[in-house]
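Structure below is protein01.cif: mmCIF, C-alpha atoms.
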```
data_my_file
loop_
_atom_site.label_atom_id
_atom_site.label_comp_id
_atom_site.auth_asym_id
_atom_site.auth_seq_id
_atom_site.Cartn_x
_atom_site.Cartn_y
_atom_site.Cartn_z
CA MET A 1 50.34 99.00 143.31
CA THR A 2 49.14 100.59 146.55
CA GLY A 3 50.58 104.09 146.79
CA ARG A 4 51.36 104.19 143.06
CA THR A 5 49.75 106.65 140.65
CA VAL A 6 48.94 105.60 137.10
CA ILE A 7 47.85 107.67 134.08
CA ILE A 8 46.17 105.86 131.19
CA THR A 9 45.29 107.74 128.00
CA GLY A 10 42.06 106.60 126.41
CA GLY A 11 41.14 104.76 129.59
CA ASN A 12 37.41 105.16 129.07
CA SER A 13 36.98 102.13 126.81
CA GLY A 14 38.53 98.94 125.45
CA ILE A 15 42.03 97.93 126.48
CA GLY A 16 42.60 101.19 128.35
CA LYS A 17 39.52 100.73 130.52
CA ALA A 18 40.41 97.10 131.23
CA THR A 19 43.94 98.17 132.18
CA ALA A 20 42.58 100.89 134.45
CA GLN A 21 40.24 98.51 136.22
CA ALA A 22 42.97 95.89 136.74
CA LEU A 23 45.46 98.41 138.17
CA ALA A 24 42.79 100.01 140.35
CA ARG A 25 41.97 96.56 141.66
CA LEU A 26 45.66 96.21 142.58
CA GLY A 27 45.37 99.36 144.69
CA ALA A 28 46.73 102.06 142.38
CA ARG A 29 45.40 105.58 142.11
CA VAL A 30 44.27 105.70 138.48
CA VAL A 31 43.75 108.74 136.30
CA ILE A 32 42.26 108.06 132.89
CA THR A 33 41.93 110.51 130.01
CA ALA A 34 39.04 110.74 127.59
CA ARG A 35 38.05 113.02 124.74
CA HIS A 36 34.44 113.21 125.91
CA ARG A 37 33.74 114.23 129.50
CA GLU A 38 30.50 112.26 129.71
CA ARG A 39 32.12 109.02 128.54
CA GLY A 40 35.00 109.63 130.90
CA ALA A 41 32.66 110.13 133.83
CA THR A 42 30.75 106.96 132.99
CA ALA A 43 34.01 105.01 132.77
CA VAL A 44 35.16 106.32 136.15
CA THR A 45 31.93 105.06 137.73
CA ASP A 46 32.33 101.66 136.07
CA ILE A 47 36.00 101.31 137.06
CA ARG A 48 35.32 102.30 140.66
CA ARG A 49 32.47 99.82 140.90
CA GLY A 50 34.38 97.01 139.19
CA SER A 51 37.59 97.45 141.16
CA GLY A 52 36.24 98.46 144.56
CA ASN A 53 38.67 101.39 144.46
CA ASP A 54 37.35 104.96 144.60
CA ALA A 55 40.74 106.50 143.75
CA VAL A 56 39.84 106.78 140.05
CA GLU A 57 39.37 110.04 138.17
CA CYS A 58 39.34 111.43 134.64
CA VAL A 59 41.03 114.35 132.89
CA PRO A 60 39.91 115.45 129.42
CA LEU A 61 42.38 114.94 126.58
CA ASP A 62 42.08 115.22 122.81
CA LEU A 63 45.36 114.02 121.34
CA ALA A 64 44.44 115.66 118.02
CA SER A 65 44.84 119.06 119.68
CA LEU A 66 48.22 120.19 121.03
CA ALA A 67 46.41 122.82 123.11
CA SER A 68 44.36 120.03 124.72
CA VAL A 69 47.53 118.00 125.37
CA ARG A 70 49.12 120.98 127.12
CA ALA A 71 45.97 121.67 129.15
CA CYS A 72 45.76 118.00 130.17
CA ALA A 73 49.41 117.95 131.24
CA ALA A 74 48.89 121.11 133.28
CA GLN A 75 45.91 119.53 135.09
CA LEU A 76 47.81 116.32 135.75
CA LEU A 77 50.83 118.15 137.14
CA ASP A 78 48.56 120.26 139.34
CA ARG A 79 46.70 117.23 140.72
CA LEU A 80 49.49 114.69 141.02
CA ASP A 81 52.59 115.12 143.14
CA GLU A 82 53.89 111.82 141.79
CA ILE A 83 53.40 109.84 138.58
CA HIS A 84 54.66 106.27 138.66
CA VAL A 85 53.18 104.83 135.47
CA LEU A 86 52.28 106.57 132.21
CA ASP A 87 50.37 104.24 129.90
CA LEU A 88 50.18 105.73 126.41
CA ASN A 89 47.23 103.64 125.28
CA ALA A 90 44.94 105.82 123.16
CA GLY A 91 44.95 105.60 119.37
CA GLY A 92 42.81 105.23 116.30
CA VAL A 93 42.61 104.64 112.58
CA LEU A 94 40.98 106.61 109.75
CA SER A 95 40.19 105.68 106.16
CA ARG A 96 40.58 109.18 104.72
CA ARG A 97 43.03 111.99 105.29
CA ILE A 98 41.90 114.55 107.86
CA GLU A 99 43.92 117.46 109.18
CA THR A 100 43.75 118.48 112.82
CA GLU A 101 43.33 122.03 114.10
CA ASP A 102 47.13 122.13 114.29
CA GLY A 103 47.48 121.29 110.59
CA PHE A 104 48.79 117.73 111.00
CA GLU A 105 47.47 114.50 109.51
CA ALA A 106 45.13 113.18 112.20
CA GLN A 107 46.55 109.67 112.71
CA PHE A 108 50.08 111.04 112.90
CA GLN A 109 49.06 113.49 115.60
CA ALA A 110 46.70 111.31 117.63
CA ASN A 111 48.78 108.13 117.51
CA HIS A 112 52.24 109.69 117.82
CA LEU A 113 52.75 113.43 118.18
CA GLY A 114 50.16 114.03 120.90
CA HIS A 115 51.61 111.28 123.08
CA PHE A 116 55.11 112.51 122.36
CA LEU A 117 54.24 115.97 123.66
CA LEU A 118 52.34 114.63 126.68
CA SER A 119 55.25 112.43 127.74
CA GLN A 120 57.73 115.29 127.48
CA LEU A 121 55.54 117.59 129.56
CA LEU A 122 55.22 114.93 132.28
CA LEU A 123 58.78 113.60 132.14
CA ASP A 124 60.24 115.62 134.99
CA ARG A 125 57.44 114.44 137.30
CA LEU A 126 58.09 110.84 136.28
CA ARG A 127 61.80 111.27 137.01
CA HIS A 128 60.95 112.81 140.38
CA SER A 129 58.68 109.84 141.15
CA ALA A 130 61.15 107.13 140.11
CA PRO A 131 61.12 104.21 139.97
CA ALA A 132 58.61 104.92 137.22
CA ARG A 133 57.47 103.23 134.05
CA ILE A 134 56.19 104.32 130.64
CA VAL A 135 54.16 101.77 128.68
CA VAL A 136 53.51 102.39 124.97
CA LEU A 137 50.75 100.60 123.08
CA SER A 138 52.14 99.73 119.66
CA SER A 139 50.96 96.91 117.41
CA TRP A 140 51.99 94.03 115.21
CA GLY A 141 50.80 96.43 112.52
CA HIS A 142 54.19 98.16 112.66
CA THR A 143 55.56 95.27 110.59
CA GLN A 144 53.40 96.42 107.68
CA ALA A 145 55.25 99.73 107.45
CA ARG A 146 57.73 98.11 105.12
CA GLY A 147 60.72 100.24 104.27
CA GLY A 148 60.26 102.34 107.38
CA LEU A 149 59.12 105.96 107.40
CA ASN A 150 59.14 108.40 104.52
CA PHE A 151 60.53 111.48 106.24
CA ASP A 152 59.81 113.56 103.15
CA ASP A 153 56.09 112.89 103.55
CA LEU A 154 55.25 112.06 107.17
CA GLN A 155 51.91 113.82 106.72
CA TRP A 156 50.85 111.69 103.70
CA VAL A 157 50.29 114.71 101.47
CA ALA A 158 52.10 113.53 98.35
CA ARG A 159 51.07 109.87 98.48
CA PRO A 160 47.66 108.20 98.04
CA TYR A 161 46.10 107.93 101.49
CA ARG A 162 45.55 104.38 102.72
CA GLY A 163 44.40 104.41 106.31
CA SER A 164 45.80 101.00 107.20
CA LEU A 165 49.26 101.92 105.91
CA VAL A 166 49.21 105.24 107.76
CA TYR A 167 48.17 103.40 110.92
CA SER A 168 51.04 100.94 110.49
CA ALA A 169 53.47 103.83 110.07
CA THR A 170 52.25 105.41 113.32
CA LYS A 171 52.71 102.10 115.13
CA LEU A 172 56.29 102.04 113.86
CA MET A 173 56.64 105.58 115.20
CA ASN A 174 55.49 104.27 118.59
CA LEU A 175 58.42 101.87 118.60
CA TYR A 176 60.92 104.49 117.45
CA PHE A 177 59.67 106.72 120.26
CA THR A 178 59.94 103.89 122.81
CA PHE A 179 63.47 102.90 121.90
CA GLU A 180 64.80 106.46 121.62
CA LEU A 181 63.20 107.58 124.90
CA ALA A 182 64.57 104.47 126.64
CA ARG A 183 68.02 105.38 125.32
CA ARG A 184 67.69 108.94 126.60
CA LEU A 185 66.55 107.72 130.03
CA ALA A 186 69.15 104.99 130.35
CA ASP A 187 70.85 106.67 133.31
CA THR A 188 67.58 107.12 135.22
CA ASP A 189 65.14 104.84 137.02
CA VAL A 190 62.40 105.45 134.45
CA THR A 191 61.82 102.52 132.09
CA VAL A 192 60.08 102.63 128.71
CA ASN A 193 58.64 99.58 126.98
CA ALA A 194 56.20 98.94 124.13
CA MET A 195 53.67 96.19 123.62
CA HIS A 196 51.29 94.55 121.16
CA PRO A 197 47.95 93.65 122.80
CA GLY A 198 46.86 91.10 120.23
CA TYR A 199 43.66 91.28 118.21
CA VAL A 200 41.13 92.58 120.72
CA ALA A 201 37.36 92.91 120.57
CA SER A 202 37.17 96.54 121.64
CA GLY A 203 35.74 99.78 120.28
CA PHE A 204 38.78 100.29 118.05
CA ALA A 205 37.80 101.49 114.54
CA MET A 206 34.11 101.06 115.36
CA SER A 207 33.30 104.75 114.99
CA GLY A 208 34.20 107.48 112.54
CA ASP A 209 34.72 106.90 108.83
CA THR A 210 36.34 103.46 108.83
CA THR A 211 33.47 101.50 107.23
CA TRP A 212 35.81 99.11 105.42
CA LEU A 213 37.70 98.24 108.59
CA ARG A 214 34.59 98.15 110.74
CA LEU A 215 33.04 95.47 108.54
CA GLY A 216 36.20 93.36 108.71
CA ILE A 217 36.32 93.64 112.48
CA MET A 218 32.66 92.66 112.84
CA VAL A 219 33.23 89.53 110.74
CA SER A 220 36.34 88.48 112.67
CA ARG A 221 35.15 89.53 116.13
CA PRO A 222 34.31 85.93 117.25
CA PHE A 223 38.03 85.14 117.00
CA ALA A 224 39.21 88.17 118.98
CA ARG A 225 40.39 88.20 122.58
CA SER A 226 38.61 90.20 125.25
CA PRO A 227 39.83 93.66 126.34
CA GLN A 228 40.84 92.07 129.65
CA LYS A 229 43.15 89.61 127.88
CA GLY A 230 44.42 92.38 125.62
CA ALA A 231 45.28 94.44 128.70
CA ARG A 232 47.31 91.73 130.44
CA THR A 233 50.67 92.76 129.00
CA ALA A 234 50.02 96.44 129.80
CA VAL A 235 49.12 95.57 133.39
CA TRP A 236 52.17 93.31 133.69
CA LEU A 237 54.50 96.01 132.34
CA ALA A 238 53.01 98.53 134.76
CA ALA A 239 53.01 96.38 137.88
CA SER A 240 55.18 93.27 137.71
CA ASP A 241 58.53 92.93 139.47
CA GLU A 242 59.56 90.65 136.59
CA VAL A 243 60.23 93.71 134.43
CA LYS A 244 61.78 95.88 137.12
CA GLY A 245 64.64 97.77 135.45
CA VAL A 246 63.84 96.35 131.99
CA THR A 247 63.70 99.06 129.34
CA GLY A 248 63.70 99.59 125.59
CA LYS A 249 61.89 96.34 124.77
CA TYR A 250 58.86 95.24 122.75
CA PHE A 251 56.52 92.72 124.39
CA VAL A 252 53.81 90.37 123.15
CA ASP A 253 51.85 88.28 125.66
CA CYS A 254 54.24 89.25 128.47
CA ARG A 255 57.29 88.07 126.54
CA ALA A 256 59.98 90.15 124.90
CA LYS A 257 59.80 89.83 121.13
CA ALA A 258 61.99 91.14 118.34
CA PRO A 259 60.21 93.87 116.36
CA SER A 260 60.69 94.37 112.63
CA ALA A 261 64.17 95.20 111.37
CA ASP A 262 62.93 98.68 110.41
CA ALA A 263 61.93 99.34 114.04
CA LEU A 264 65.53 98.78 115.17
CA ASP A 265 66.91 101.61 113.02
CA ALA A 266 68.39 103.89 115.70
CA ASP A 267 69.18 106.66 113.24
CA LYS A 268 65.57 106.89 112.11
CA ALA A 269 64.36 106.78 115.69
CA ARG A 270 66.63 109.70 116.52
CA ARG A 271 65.51 111.57 113.41
CA LEU A 272 61.82 111.10 114.26
CA TRP A 273 62.54 112.39 117.76
CA GLU A 274 64.13 115.56 116.39
CA VAL A 275 61.26 116.14 113.96
CA SER A 276 58.73 115.57 116.73
CA VAL A 277 60.42 118.06 119.04
CA GLU A 278 60.08 120.71 116.34
CA LEU A 279 56.49 119.88 115.36
CA ALA A 280 55.33 119.73 118.97
CA GLY A 281 56.76 123.17 119.64
CA LEU A 282 59.40 121.97 122.09
CA GLY A 283 62.43 123.11 120.12
#
```

As structure tokens, please, write out the structure in this file.
Amino acid sequence: MTGRTVIITGGNSGIGKATAQALARLGARVVITARHRERGATAVTDIRRGSGNDAVECVPLDLASLASVRACAAQLLDRLDEIHVLDLNAGGVLSRRIETEDGFEAQFQANHLGHFLLSQLLLDRLRHSAPARIVVLSSWGHTQARGGLNFDDLQWVARPYRGSLVYSATKLMNLYFTFELARRLADTDVTVNAMHPGYVASGFAMSGDTTWLRLGIMVSRPFARSPQKGARTAVWLAASDEVKGVTGKYFVDCRAKAPSADALDADKARRLWEVSVELAGLG
């Protein structure tokens, strides 16, 4: 990865931090994003020390704010002449419905719409830097979004709010985004693939209002894999020659795997793309 530049959203903790350290150890220039500057700065110090690579930096990003996404993209484009890997790693889960400053349901914006906007703002630079790769952190949880998306209520206004179901829907959105973007970039040298990291002992769902999920995670933590193991597929998708030119796939443990039947609905993927363009202010 020497000479390659990597961006990792949410790279200050968990899988993102483990991915950043592994790619920095391989020689990449790594830029992580973090919501909190102090945590980002601490992570940069840790990653530099752990990898022996000083080419690690942090840019602030709050995916629940479209203004923050635009400001982050502007900083990245100003700092980086080339972007070779964009790892859309950040995400979260909530147990109650919260609206962002932009008026969107928070999981929908943080897990999908914010990354959608960021990728579109950086896409020309990725094309310019090709061969380039986009890695999207999805989850096995997408299989729990049975019946696909309800396009009449993407914001979960009319339905009872169940955080786990909303999370699963956003993970399905991640796959729709992956497959549709891969289709749109088919004639370029930019690949787009999604992955499931496995059940990882990280900081996921350990803050905020997710008491019910936090308790479950604490009980099952002894059976979880480490962030380093959870990051292996992300690192492999970012760096391995084995997936050179491979695009539009879903991977688990470095192997292509068929997603749910709902995730393969190309019409819904295209529809979500069109809705996202409008909601992100790109139309």

Name the residues captured by the PyMOL selection byres ((chain A and resi 136-138) around 8) when it is applied to the shown file; answer as JSON, numbers by chain.
{"A": [87, 88, 89, 90, 134, 135, 139, 140, 141, 142, 171, 172, 174, 175, 178, 192, 193, 194, 195, 196, 197, 234]}

Have a look at A:His128, A:Arg159, A:Arg49, A:Arg146 and name the one nearest to His84 in chain A; count only C-alpha atoms.
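Checking each candidate against His84 in chain A, we get A:His128 as the closest.
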
Residue nearest Gly114 in chain A - candidates A:Leu63, A:Ala71, A:Pro131, A:Ser226, atoms counted: all atoms listed in the file
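When distances to Gly114 in chain A are compared using all atoms listed in the file, the smallest one comes from A:Leu63.
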
Hey, can you check how far CA of Thr188 in chain A sits from CA of Ala130 in chain A?
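Going from CA of Thr188 in chain A over to CA of Ala130 in chain A covers 8.1 Å.
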
For a test of reading the model, state the distance in Å between CA of Leu126 in chain A and CA of Val190 in chain A, rounded to one decimal.
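Taking CA of Leu126 in chain A and CA of Val190 in chain A, their separation equals 7.1 Å.
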
Nearest candidate to Leu94 in chain A (options A:Glu82, A:Ala238, A:Leu165, A:Asp189; using only C-alpha atoms)
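Selected residue with least distance to Leu94 in chain A: A:Leu165.
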
Selection dump of the PyMOL selection byres ((chain A and resi 16) around 10), as a compact mmCIF listing (two decimals) with C-alpha atoms, in the coordinates of the input:
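Resulting contents of selection-v6.txt:
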```txt
# COMPACT_ATOMS: atom_id res chain seq x y z
CA ILE A 8 46.17 105.86 131.19
CA THR A 9 45.29 107.74 128.00
CA GLY A 10 42.06 106.60 126.41
CA GLY A 11 41.14 104.76 129.59
CA ASN A 12 37.41 105.16 129.07
CA SER A 13 36.98 102.13 126.81
CA GLY A 14 38.53 98.94 125.45
CA ILE A 15 42.03 97.93 126.48
CA LYS A 17 39.52 100.73 130.52
CA ALA A 18 40.41 97.10 131.23
CA THR A 19 43.94 98.17 132.18
CA ALA A 20 42.58 100.89 134.45
CA GLN A 21 40.24 98.51 136.22
CA ALA A 22 42.97 95.89 136.74
CA ILE A 32 42.26 108.06 132.89
CA THR A 33 41.93 110.51 130.01
CA ASP A 87 50.37 104.24 129.90
CA LEU A 88 50.18 105.73 126.41
CA ASN A 89 47.23 103.64 125.28
CA ALA A 90 44.94 105.82 123.16
CA LEU A 137 50.75 100.60 123.08
CA SER A 202 37.17 96.54 121.64
CA PRO A 227 39.83 93.66 126.34
CA GLN A 228 40.84 92.07 129.65
CA GLY A 230 44.42 92.38 125.62
CA ALA A 231 45.28 94.44 128.70
CA ALA A 234 50.02 96.44 129.80
CA VAL A 235 49.12 95.57 133.39
```

Using all atoms listed in the file, collect all residues at a distance of at most 7 Å from (38.7, 111.3, 132.0) as written in the file, then present them as a PyMOL selection string.
chain A and resi 12+32-34+37+40-41+57-60

Check which residues satisfy the PyMOL selection byres ((chain A and resi 26) around 9) in the file shown, then give them as a list in words.
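Applying the expression gives Met1, Thr2, Gln21, Ala22, Leu23, Ala24, Arg25, Gly27, Ala28, Ser51, Asn53 and Ala239 of chain A.
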
Which one is closest to Ser260 in chain A: A:Leu113, A:Val157, A:Ala145, A:Val243? Count all atoms listed in the file.
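Between A:Leu113, A:Val157, A:Ala145, A:Val243, the residue approaching Ser260 in chain A most closely is A:Ala145.
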
Hey, what's within 12 Å of Asp267 in chain A if we count only C-alpha atoms and toss same-chain stuff fewer than 2 positions away? As a ChimeraX atom specification, please?
/A:148-149,176-177,179-180,262-265,269-274

Selected residue of minimal separation from Ala64 in chain A among A:Ile7, A:Val31, A:Ala43, A:Ala110, counting all atoms listed in the file:
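Ranking A:Ile7, A:Val31, A:Ala43, A:Ala110 by distance to Ala64 in chain A, first place goes to A:Ala110.
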
Could you work out how far CA of Ser65 in chain A lies from CA of Ala106 in chain A, giving the answer in Å with one decimal?
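Between these atoms lies a distance of 9.5 Å.
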
Rank nothing, just name the residue among A:Ser164, A:Ser119, A:Thr247, A:Asn111 nearest to Leu77 in chain A, using only C-alpha atoms.
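Smallest distance to Leu77 in chain A is found for A:Ser119.
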
May I have the protein, DNA and RNA residues with an atom at most 10 Å from (57.4, 119.1, 130.1), counting all atoms listed in the file in the file's coordinates, returned as a PyMOL selection string?
chain A and resi 70+73-74+77+117-125+282

Emit as lines of an AutoDock Vina configuration file the padded axis-aligned box for all listed atoms of range 255-268 of chain A, 6 Å per side, with centre and edge lengths in Å to one decimal.
```
center_x = 63.2
center_y = 97.5
center_z = 118.5
size_x = 23.9
size_y = 30.8
size_z = 28.1
```
